[in-house]
Structure formats: C-alpha cells, structure tokens
file coords.cif (mmCIF, C-alpha atoms)
data_my_file
loop_
_atom_site.label_atom_id
_atom_site.label_comp_id
_atom_site.auth_asym_id
_atom_site.auth_seq_id
_atom_site.Cartn_x
_atom_site.Cartn_y
_atom_site.Cartn_z
CA GLU N 1 11.34 6.92 -8.08
CA SER N 2 9.54 9.62 -10.06
CA TYR N 3 12.75 11.06 -11.59
CA PRO N 4 13.04 8.58 -14.52
CA LYS N 5 9.32 8.82 -15.30
CA ASN N 6 9.42 12.62 -15.25
CA GLN N 7 12.43 12.52 -17.53
CA GLN N 8 10.68 10.22 -19.97
CA ARG N 9 7.59 12.45 -20.08
CA GLY N 10 9.80 15.50 -20.46
CA ALA N 11 11.61 13.86 -23.38
CA VAL N 12 8.30 13.33 -25.20
CA LEU N 13 7.30 16.95 -24.56
CA LEU N 14 10.67 18.26 -25.78
CA ALA N 15 10.32 16.09 -28.88
CA LEU N 16 7.05 17.88 -29.65
CA VAL N 17 8.80 21.21 -29.05
CA ALA N 18 11.53 20.17 -31.51
CA PHE N 19 8.85 19.33 -34.08
CA GLY N 20 7.18 22.72 -33.55
CA LEU N 21 10.49 24.55 -33.94
CA ALA N 22 11.18 22.64 -37.16
CA VAL N 23 7.80 23.80 -38.50
CA ASP N 24 8.60 27.37 -37.40
CA ARG N 25 11.93 27.29 -39.28
CA PHE N 26 10.20 25.88 -42.35
CA TYR N 27 7.80 28.82 -42.25
CA ALA N 28 10.78 31.22 -41.99
CA PHE N 29 12.33 29.51 -45.03
CA TYR N 30 9.02 29.83 -46.90
CA GLU N 31 8.98 33.57 -46.17
CA LEU N 32 12.51 33.95 -47.55
CA GLN N 33 11.43 32.19 -50.74
CA SER N 34 9.21 35.18 -51.53
CA CYS N 35 12.15 37.61 -51.37
CA THR N 36 13.77 38.77 -54.59
CA GLY N 37 17.56 38.81 -54.95
CA ASP N 38 20.35 36.34 -54.22
CA GLN N 39 21.51 37.84 -50.92
CA TRP N 40 19.29 35.55 -48.81
CA TRP N 41 21.23 32.32 -49.41
CA MET N 42 22.86 32.38 -45.94
CA GLN N 43 19.54 32.80 -44.14
CA LYS N 44 17.95 30.04 -46.23
CA SER N 45 20.86 27.72 -45.50
CA LEU N 46 20.56 28.42 -41.77
CA GLN N 47 16.85 27.63 -41.80
CA ILE N 48 17.48 24.32 -43.58
CA GLY N 49 20.24 23.53 -41.07
CA CYS N 50 17.91 24.29 -38.15
CA ILE N 51 15.22 22.04 -39.62
CA LEU N 52 17.66 19.14 -39.99
CA VAL N 53 18.96 19.60 -36.44
CA MET N 54 15.44 19.71 -35.01
CA VAL N 55 14.46 16.56 -36.90
CA LYS N 56 17.48 14.74 -35.42
CA VAL N 57 16.72 16.05 -31.93
CA PHE N 58 13.09 14.97 -32.36
CA ALA N 59 14.14 11.42 -33.25
CA PHE N 60 16.69 11.26 -30.43
CA LEU N 61 14.23 12.46 -27.80
CA LEU N 62 11.70 9.85 -28.84
CA MET N 63 14.38 7.22 -28.20
CA ILE N 64 14.86 8.22 -24.55
CA PRO N 65 11.45 7.01 -23.24
CA ALA N 66 11.76 3.80 -25.25
CA VAL N 67 15.29 3.03 -24.02
CA GLU N 68 14.58 4.00 -20.42
CA GLY N 69 11.40 1.93 -20.46
CA ALA N 70 13.34 -1.04 -21.79
CA ARG N 71 15.97 -0.51 -19.14
CA SER N 72 13.44 -0.48 -16.31
CA GLU N 73 12.09 -3.80 -17.53
CA ALA N 74 15.53 -5.36 -18.04
CA ALA N 75 16.55 -7.61 -15.18
CA SER N 76 19.98 -8.85 -16.24
CA ALA N 77 23.24 -7.04 -15.62
CA ALA N 78 24.11 -7.38 -19.30
CA ALA N 79 20.99 -5.49 -20.35
CA ARG N 80 21.77 -2.70 -17.89
CA PHE N 81 25.29 -2.49 -19.31
CA PHE N 82 23.99 -1.89 -22.82
CA LEU N 83 21.36 0.61 -21.62
CA PRO N 84 23.32 3.01 -19.37
CA SER N 85 20.90 5.34 -17.61
CA LYS N 86 23.66 7.85 -16.81
CA PHE N 87 24.26 8.41 -20.52
CA TRP N 88 20.59 9.21 -21.16
CA ASP N 89 20.43 11.40 -18.07
CA SER N 90 23.42 13.43 -19.25
CA ALA N 91 22.05 13.60 -22.79
CA TYR N 92 18.70 14.84 -21.47
CA TRP N 93 20.30 17.71 -19.52
CA ILE N 94 22.50 18.61 -22.48
CA LEU N 95 19.40 18.82 -24.69
CA LEU N 96 17.62 20.97 -22.11
CA GLY N 97 20.55 23.39 -22.25
CA PHE N 98 20.50 23.23 -26.04
CA PHE N 99 16.82 24.21 -26.14
CA GLY N 100 17.46 27.02 -23.65
CA CYS N 101 20.10 28.43 -26.01
CA PHE N 102 18.12 27.74 -29.18
CA PHE N 103 15.03 29.67 -28.02
CA ILE N 104 17.29 32.72 -27.64
CA VAL N 105 19.52 32.35 -30.69
CA VAL N 106 16.72 31.51 -33.13
CA ASN N 107 15.16 34.94 -32.50
CA LEU N 108 18.34 36.86 -33.32
CA TRP N 109 20.18 37.68 -36.53
CA PRO N 110 21.14 35.78 -38.66
CA PHE N 111 18.56 33.10 -37.76
CA SER N 112 15.82 35.75 -37.69
CA PRO N 113 15.91 39.14 -39.42
CA SER N 114 17.27 42.09 -37.48
CA CYS N 115 15.27 45.31 -37.40
CA ASN N 116 17.39 46.79 -40.22
CA ILE N 117 17.17 43.66 -42.36
CA LEU N 118 13.43 43.47 -41.71
CA SER N 119 13.04 46.93 -43.30
CA VAL N 120 14.83 45.66 -46.42
CA MET N 121 12.79 42.45 -46.52
CA ALA N 122 9.54 44.42 -46.32
CA ARG N 123 10.47 46.05 -49.63
CA VAL N 124 11.67 42.98 -51.53
CA CYS N 125 9.52 40.17 -50.07
CA SER N 126 5.99 39.60 -51.25
CA TYR N 127 4.77 37.67 -48.20
CA LYS N 128 2.39 39.76 -46.09
CA SER N 129 3.70 38.51 -42.72
CA VAL N 130 7.08 40.14 -43.44
CA ARG N 131 5.48 43.56 -43.86
CA THR N 132 3.39 42.99 -40.73
CA ALA N 133 6.51 42.12 -38.75
CA LYS N 134 8.20 45.29 -40.01
CA THR N 135 5.19 47.41 -39.04
CA LYS N 136 5.14 45.93 -35.52
CA LEU N 137 8.96 45.97 -35.21
CA ASP N 138 8.92 42.25 -34.51
CA CYS N 139 12.68 41.91 -34.10
CA THR N 140 15.21 41.34 -31.27
CA LEU N 141 14.35 39.39 -28.11
CA GLN N 142 11.78 41.99 -27.13
CA GLY N 143 9.71 41.48 -30.28
CA HIS N 144 6.32 39.85 -29.69
CA THR N 145 7.25 36.62 -31.50
CA ALA N 146 10.38 36.11 -29.40
CA CYS N 147 8.50 37.01 -26.22
CA GLN N 148 5.76 34.48 -26.96
CA MET N 149 8.30 31.76 -27.73
CA ILE N 150 10.18 32.40 -24.48
CA GLN N 151 6.91 32.41 -22.54
CA LEU N 152 6.18 29.02 -24.08
CA TRP N 153 9.58 27.82 -22.86
CA MET N 154 8.76 29.04 -19.35
CA LEU N 155 5.44 27.15 -19.39
CA ILE N 156 7.16 23.98 -20.58
CA MET N 157 9.63 24.01 -17.68
CA PRO N 158 7.31 22.41 -15.05
CA TYR N 159 7.08 19.33 -17.25
CA ALA N 160 10.58 19.34 -18.75
CA LEU N 161 12.54 19.68 -15.49
CA PRO N 162 12.57 16.30 -13.72
CA GLN N 163 12.48 17.69 -10.16
CA PHE N 164 11.21 20.77 -8.35
CA ARG N 165 14.63 21.48 -6.82
CA CYS N 166 15.95 22.16 -10.34
CA PHE N 167 13.51 25.00 -10.98
CA HIS N 168 15.94 27.71 -9.85
CA LEU N 169 17.72 27.11 -13.18
CA THR N 170 14.77 28.82 -14.90
CA PHE N 171 15.33 32.06 -13.00
CA ILE N 172 19.09 31.88 -13.55
CA TRP N 173 18.44 31.44 -17.27
CA LEU N 174 16.12 34.46 -17.29
CA GLY N 175 18.30 36.73 -15.18
CA PHE N 176 21.65 36.02 -16.79
CA PHE N 177 21.08 34.54 -20.23
CA TYR N 178 17.95 36.34 -21.45
CA VAL N 179 18.85 39.76 -20.00
CA GLY N 180 22.57 39.35 -20.75
CA VAL N 181 22.10 38.36 -24.39
CA SER N 182 19.50 41.12 -24.90
CA TRP N 183 21.95 43.75 -23.64
CA LEU N 184 24.92 42.29 -25.51
CA TYR N 185 23.02 42.06 -28.80
CA ALA N 186 21.81 45.65 -28.47
CA GLU N 187 25.36 46.86 -27.82
CA ILE N 188 26.90 44.91 -30.71
CA SER N 189 24.19 45.49 -33.32
CA GLY N 190 23.25 49.01 -32.26
CA GLU N 191 19.56 48.04 -32.38
CA LYS N 192 18.31 49.47 -29.10
CA ASN N 193 14.72 50.07 -30.21
CA HIS N 194 13.27 47.67 -27.65
CA MET N 195 15.72 48.04 -24.78
CA VAL N 196 13.29 50.39 -23.04
CA ASP N 197 10.87 47.44 -22.91
CA LEU N 198 13.40 44.98 -21.48
CA GLY N 199 12.35 45.58 -17.86
CA LEU N 200 8.66 45.11 -18.68
CA HIS N 201 9.25 41.94 -20.69
CA PHE N 202 11.59 40.55 -18.06
CA SER N 203 8.96 41.15 -15.35
CA MET N 204 6.30 39.42 -17.43
CA LEU N 205 8.57 36.41 -17.99
CA VAL N 206 9.39 36.27 -14.27
CA VAL N 207 5.66 36.13 -13.48
CA THR N 208 5.32 33.30 -16.01
CA ALA N 209 8.25 31.49 -14.37
CA ILE N 210 6.66 31.92 -10.91
CA LEU N 211 3.42 30.37 -12.22
CA GLY N 212 5.53 27.54 -13.62
CA THR N 213 7.19 27.10 -10.23
CA MET N 214 3.82 26.77 -8.53
CA LYS N 215 2.70 24.27 -11.14
CA LYS N 216 5.84 22.17 -10.66
CA TYR N 217 5.44 22.25 -6.88
CA TYR N 218 1.91 20.86 -7.00
CA LEU N 219 2.82 18.32 -9.67
CA GLU N 220 5.62 16.94 -7.51
CA LYS N 221 3.48 17.12 -4.37
CA GLY N 222 0.84 14.99 -6.07
CA MET N 223 3.47 12.46 -7.16
CA ARG N 224 4.87 12.18 -3.63
CA ARG N 225 1.43 11.38 -2.27
CA GLN N 226 1.38 8.30 -4.47
CA PHE N 227 4.32 6.87 -2.52
CA LEU N 228 2.94 7.55 0.96
#
call {"tool": "encode", "arguments": {"input": "coords.cif", "output": "structure tokens"}}
result
Amino acid sequence: ESYPKNQQRGAVLLALVAFGLAVDRFYAFYELQSCTGDQWWMQKSLQIGCILVMVKVFAFLLMIPAVEGARSEAASAAARFFLPSKFWDSAYWILLGFFGCFFIVVNLWPFSPSCNILSVMARVCSYKSVRTAKTKLDCTLQGHTACQMIQLWMLIMPYALPQFRCFHLTFIWLGFFYVGVSWLYAEISGEKNHMVDLGLHFSMLVVTAILGTMKKYYLEKGMRRQFL
C-alpha cells in the first residue's frame, strides 16, 4: 500500500534534484563564459544540453504524482487503461538509474574540467571559483565537489527508493559503479592524483549509505505501524 505513495514522494524529491542539477550546470556554463578563447564551445554546448535534459526530467517527474494520484482516484476500467501504473513504475526506475549515472558522469570530463584542463582554465578564466578549484585540485570523482554531490545522492536514497528491500542497490552502485568508474577514468586519462584517496572517500560514502539505510528502515517501520 505504501509503495505508490513512496514513489510519488520520491518523484517530487527527484524533481527538486533535477532542478538543482540544472542550476549547477547553469553555474558551470556561467564560469565558462569568463574564459577567453573559442576552444570552450563543446563544454558550453554540453552544459546547455544538460540544462535542457534536466528541465525535461523535472517536468516529467512532476507528472508522476499527478498521474498516479488521478489513477488512484479513478474507478472505471477505462481510466485505468489510460493511466497504466506499470509504465510510470518502469519510468521511475529508469529515471533513478539515470540520476545514478548522471551524478557520476557530470563530475568527469568533458562535463566538468579534468585536472589538466582546470590548470588551463585557471590561466584564461577570470572567475575566481575556477582558480579556487585549481588550487584545491577539485577534479575527478575524488574532488570535494564530486564527493559532496555523491553524498547528497546517498542521503536522498532513503526517500527516493520506494522500499527498504531495494536499498542494497545503493551499495552495489557504490562498490561497482563509483569505484569502477573512478579506476577506469584514472587509467584512461592518466589523472591518478586522487586515487590514493579513493579508499578514504569510498569508506566515507559507505558510512553515509549505512546512515541512509537506517533512516529508510525506520521510515518504513513507521509506515507499517499505520496499517496495524
């Protein structure tokens, strides 16, 4: 009984996440505007593309609670035919997977500057945040911006996942996707500056995921009490 309601609340939360990511990409585009030279057209185009995608995802996710709410109130078979819950359920899980990939990809080149590109940008871009990022080596998945974004994703999981039994997907995502992409990117790009920190960051994210697991357990426990 709580599955559809959890999914509707999760859709609203993910819509807010999509809005936040659109703002983040707009800020990245604004930073690139301060860079001299014409070699930044690809990065600017990618930021605009990300903004457009996030706006569409935002609108789509706001539709899910409305459609599911209408479906729960619809009594006729015809109404249920035009509002297929299985479609929205599949779409919701696809979007969860999309966000899981996006939080990783958006922090890697070419969506975000690599460590080498960041050194170039610090010389040709007038925006202070670019020079600060270069000083702090805020690049790769072990940079502090990427780490904070992934921590945010971990903290969203208790509310985004419809059921507690799905929470093992968070640890699978961390163990295989986060660690695997970090290693693969370092091998391909040759940027291994932060690989020594991978174990520490992974441990910190695991602790965050464990706290999220506990939160989800008590959330679901409280919901089950309502049906006793």
call {"tool": "resolve_selection", "arguments": {"input": "coords.cif", "expression": "the PyMOL selection byres ((chain N and resi 104-121) around 10)", "output": "PyMOL selection string"}}
result
chain N and resi 21+25+28+31-32+34-36+40+42-47+50+99-103+122-127+130-131+133-135+137-143+145-147+149-150+177-178+181-182+185+189+191-193
call {"tool": "closest_residue", "arguments": {"input": "coords.cif", "among": "N:Tyr217, N:Trp153, N:Trp173, N:Phe19", "to": "N:Lys56", "atoms": "all atoms listed in the file"}}
result
N:Phe19
call {"tool": "atom_distance", "arguments": {"input": "coords.cif", "atom1": "atom CA of N:Leu62", "atom2": "atom CA of N:Gln8"}}
result
8.9 Å
call {"tool": "atom_distance", "arguments": {"input": "coords.cif", "atom1": "atom CA of N:Gln33", "atom2": "atom CA of N:Phe58"}}
result
25.2 Å
call {"tool": "resolve_selection", "arguments": {"input": "coords.cif", "expression": "the PyMOL selection byres ((chain N and resi 159) around 12)", "output": "ChimeraX atom specification"}}
result
/N:3,5-14,96,152-158,160-164,166-167,212-220
call {"tool": "closest_residue", "arguments": {"input": "coords.cif", "among": "N:Lys86, N:Ser203, N:Trp93, N:Leu198", "to": "N:Gly180", "atoms": "only C-alpha atoms"}}
result
N:Leu198
call {"tool": "atom_distance", "arguments": {"input": "coords.cif", "atom1": "atom CA of N:Ile48", "atom2": "atom CA of N:Phe29"}}
result
7.5 Å
call {"tool": "decode", "arguments": {"input": "coords.cif", "residues": "stretch 127-152 of chain N", "atoms": "N, CA, C and O atoms", "output": "PDB file, in the first residue's frame"}}
result
ATOM      1  N   TYR N 127      36.908  34.059 -13.656  1.00  0.00           N
ATOM      2  CA  TYR N 127      36.061  33.792 -12.497  1.00  0.00           C
ATOM      3  C   TYR N 127      36.894  33.177 -11.373  1.00  0.00           C
ATOM      4  O   TYR N 127      37.649  32.226 -11.591  1.00  0.00           O
ATOM      5  N   LYS N 128      36.741  33.702 -10.166  1.00  0.00           N
ATOM      6  CA  LYS N 128      37.585  33.302  -9.038  1.00  0.00           C
ATOM      7  C   LYS N 128      37.412  31.841  -8.662  1.00  0.00           C
ATOM      8  O   LYS N 128      38.368  31.172  -8.254  1.00  0.00           O
ATOM      9  N   SER N 129      36.186  31.295  -8.796  1.00  0.00           N
ATOM     10  CA  SER N 129      35.928  29.910  -8.396  1.00  0.00           C
ATOM     11  C   SER N 129      36.761  28.924  -9.204  1.00  0.00           C
ATOM     12  O   SER N 129      37.094  27.839  -8.710  1.00  0.00           O
ATOM     13  N   VAL N 130      37.101  29.278 -10.447  1.00  0.00           N
ATOM     14  CA  VAL N 130      37.930  28.397 -11.275  1.00  0.00           C
ATOM     15  C   VAL N 130      39.327  28.295 -10.682  1.00  0.00           C
ATOM     16  O   VAL N 130      39.902  27.203 -10.581  1.00  0.00           O
ATOM     17  N   ARG N 131      39.887  29.403 -10.288  1.00  0.00           N
ATOM     18  CA  ARG N 131      41.225  29.391  -9.681  1.00  0.00           C
ATOM     19  C   ARG N 131      41.205  28.669  -8.333  1.00  0.00           C
ATOM     20  O   ARG N 131      42.164  27.977  -7.979  1.00  0.00           O
ATOM     21  N   THR N 132      40.117  28.834  -7.580  1.00  0.00           N
ATOM     22  CA  THR N 132      39.995  28.121  -6.307  1.00  0.00           C
ATOM     23  C   THR N 132      39.937  26.615  -6.525  1.00  0.00           C
ATOM     24  O   THR N 132      40.575  25.843  -5.798  1.00  0.00           O
ATOM     25  N   ALA N 133      39.184  26.194  -7.541  1.00  0.00           N
ATOM     26  CA  ALA N 133      39.082  24.767  -7.853  1.00  0.00           C
ATOM     27  C   ALA N 133      40.439  24.204  -8.269  1.00  0.00           C
ATOM     28  O   ALA N 133      40.797  23.075  -7.903  1.00  0.00           O
ATOM     29  N   LYS N 134      41.209  24.999  -9.007  1.00  0.00           N
ATOM     30  CA  LYS N 134      42.546  24.546  -9.428  1.00  0.00           C
ATOM     31  C   LYS N 134      43.472  24.413  -8.223  1.00  0.00           C
ATOM     32  O   LYS N 134      44.240  23.463  -8.095  1.00  0.00           O
ATOM     33  N   THR N 135      43.381  25.378  -7.300  1.00  0.00           N
ATOM     34  CA  THR N 135      44.230  25.346  -6.104  1.00  0.00           C
ATOM     35  C   THR N 135      43.920  24.117  -5.245  1.00  0.00           C
ATOM     36  O   THR N 135      44.832  23.483  -4.700  1.00  0.00           O
ATOM     37  N   LYS N 136      42.638  23.776  -5.149  1.00  0.00           N
ATOM     38  CA  LYS N 136      42.216  22.645  -4.315  1.00  0.00           C
ATOM     39  C   LYS N 136      42.160  21.332  -5.084  1.00  0.00           C
ATOM     40  O   LYS N 136      41.734  20.314  -4.516  1.00  0.00           O
ATOM     41  N   LEU N 137      42.576  21.359  -6.361  1.00  0.00           N
ATOM     42  CA  LEU N 137      42.516  20.167  -7.214  1.00  0.00           C
ATOM     43  C   LEU N 137      41.117  19.541  -7.189  1.00  0.00           C
ATOM     44  O   LEU N 137      40.954  18.342  -6.944  1.00  0.00           O
ATOM     45  N   ASP N 138      40.127  20.387  -7.416  1.00  0.00           N
ATOM     46  CA  ASP N 138      38.740  19.929  -7.385  1.00  0.00           C
ATOM     47  C   ASP N 138      38.368  19.324  -8.747  1.00  0.00           C
ATOM     48  O   ASP N 138      37.656  19.923  -9.554  1.00  0.00           O
ATOM     49  N   CYS N 139      38.899  18.143  -8.990  1.00  0.00           N
ATOM     50  CA  CYS N 139      38.651  17.442 -10.247  1.00  0.00           C
ATOM     51  C   CYS N 139      38.598  15.934  -9.959  1.00  0.00           C
ATOM     52  O   CYS N 139      38.982  15.500  -8.868  1.00  0.00           O
ATOM     53  N   THR N 140      38.098  15.160 -10.894  1.00  0.00           N
ATOM     54  CA  THR N 140      37.851  13.717 -10.784  1.00  0.00           C
ATOM     55  C   THR N 140      36.760  13.451  -9.731  1.00  0.00           C
ATOM     56  O   THR N 140      36.262  14.367  -9.064  1.00  0.00           O
ATOM     57  N   LEU N 141      36.417  12.208  -9.557  1.00  0.00           N
ATOM     58  CA  LEU N 141      35.363  11.818  -8.612  1.00  0.00           C
ATOM     59  C   LEU N 141      35.798  11.907  -7.160  1.00  0.00           C
ATOM     60  O   LEU N 141      34.985  11.751  -6.253  1.00  0.00           O
ATOM     61  N   GLN N 142      37.093  12.148  -6.933  1.00  0.00           N
ATOM     62  CA  GLN N 142      37.558  12.315  -5.562  1.00  0.00           C
ATOM     63  C   GLN N 142      37.729  13.785  -5.186  1.00  0.00           C
ATOM     64  O   GLN N 142      38.192  14.091  -4.080  1.00  0.00           O
ATOM     65  N   GLY N 143      37.392  14.692  -6.082  1.00  0.00           N
ATOM     66  CA  GLY N 143      37.378  16.106  -5.745  1.00  0.00           C
ATOM     67  C   GLY N 143      36.266  16.399  -4.751  1.00  0.00           C
ATOM     68  O   GLY N 143      35.278  15.664  -4.671  1.00  0.00           O
ATOM     69  N   HIS N 144      36.377  17.503  -4.012  1.00  0.00           N
ATOM     70  CA  HIS N 144      35.408  17.729  -2.932  1.00  0.00           C
ATOM     71  C   HIS N 144      34.012  18.023  -3.477  1.00  0.00           C
ATOM     72  O   HIS N 144      33.012  17.665  -2.841  1.00  0.00           O
ATOM     73  N   THR N 145      33.914  18.661  -4.660  1.00  0.00           N
ATOM     74  CA  THR N 145      32.588  18.921  -5.228  1.00  0.00           C
ATOM     75  C   THR N 145      31.884  17.620  -5.593  1.00  0.00           C
ATOM     76  O   THR N 145      30.705  17.417  -5.257  1.00  0.00           O
ATOM     77  N   ALA N 146      32.601  16.728  -6.274  1.00  0.00           N
ATOM     78  CA  ALA N 146      32.017  15.435  -6.649  1.00  0.00           C
ATOM     79  C   ALA N 146      31.645  14.626  -5.411  1.00  0.00           C
ATOM     80  O   ALA N 146      30.574  14.009  -5.360  1.00  0.00           O
ATOM     81  N   CYS N 147      32.513  14.651  -4.406  1.00  0.00           N
ATOM     82  CA  CYS N 147      32.246  13.889  -3.184  1.00  0.00           C
ATOM     83  C   CYS N 147      30.996  14.398  -2.474  1.00  0.00           C
ATOM     84  O   CYS N 147      30.166  13.617  -2.003  1.00  0.00           O
ATOM     85  N   GLN N 148      30.828  15.708  -2.434  1.00  0.00           N
ATOM     86  CA  GLN N 148      29.642  16.289  -1.787  1.00  0.00           C
ATOM     87  C   GLN N 148      28.370  15.957  -2.561  1.00  0.00           C
ATOM     88  O   GLN N 148      27.325  15.662  -1.965  1.00  0.00           O
ATOM     89  N   MET N 149      28.463  15.979  -3.894  1.00  0.00           N
ATOM     90  CA  MET N 149      27.298  15.651  -4.710  1.00  0.00           C
ATOM     91  C   MET N 149      26.891  14.194  -4.526  1.00  0.00           C
ATOM     92  O   MET N 149      25.702  13.865  -4.430  1.00  0.00           O
ATOM     93  N   ILE N 150      27.871  13.303  -4.456  1.00  0.00           N
ATOM     94  CA  ILE N 150      27.568  11.878  -4.290  1.00  0.00           C
ATOM     95  C   ILE N 150      27.046  11.603  -2.883  1.00  0.00           C
ATOM     96  O   ILE N 150      26.165  10.752  -2.691  1.00  0.00           O
ATOM     97  N   GLN N 151      27.561  12.323  -1.898  1.00  0.00           N
ATOM     98  CA  GLN N 151      27.000  12.209  -0.552  1.00  0.00           C
ATOM     99  C   GLN N 151      25.536  12.646  -0.534  1.00  0.00           C
ATOM    100  O   GLN N 151      24.701  12.014   0.124  1.00  0.00           O
ATOM    101  N   LEU N 152      25.238  13.702  -1.253  1.00  0.00           N
ATOM    102  CA  LEU N 152      23.849  14.148  -1.367  1.00  0.00           C
ATOM    103  C   LEU N 152      22.985  13.049  -1.969  1.00  0.00           C
ATOM    104  O   LEU N 152      21.874  12.782  -1.489  1.00  0.00           O
TER     105      LEU N 152
END
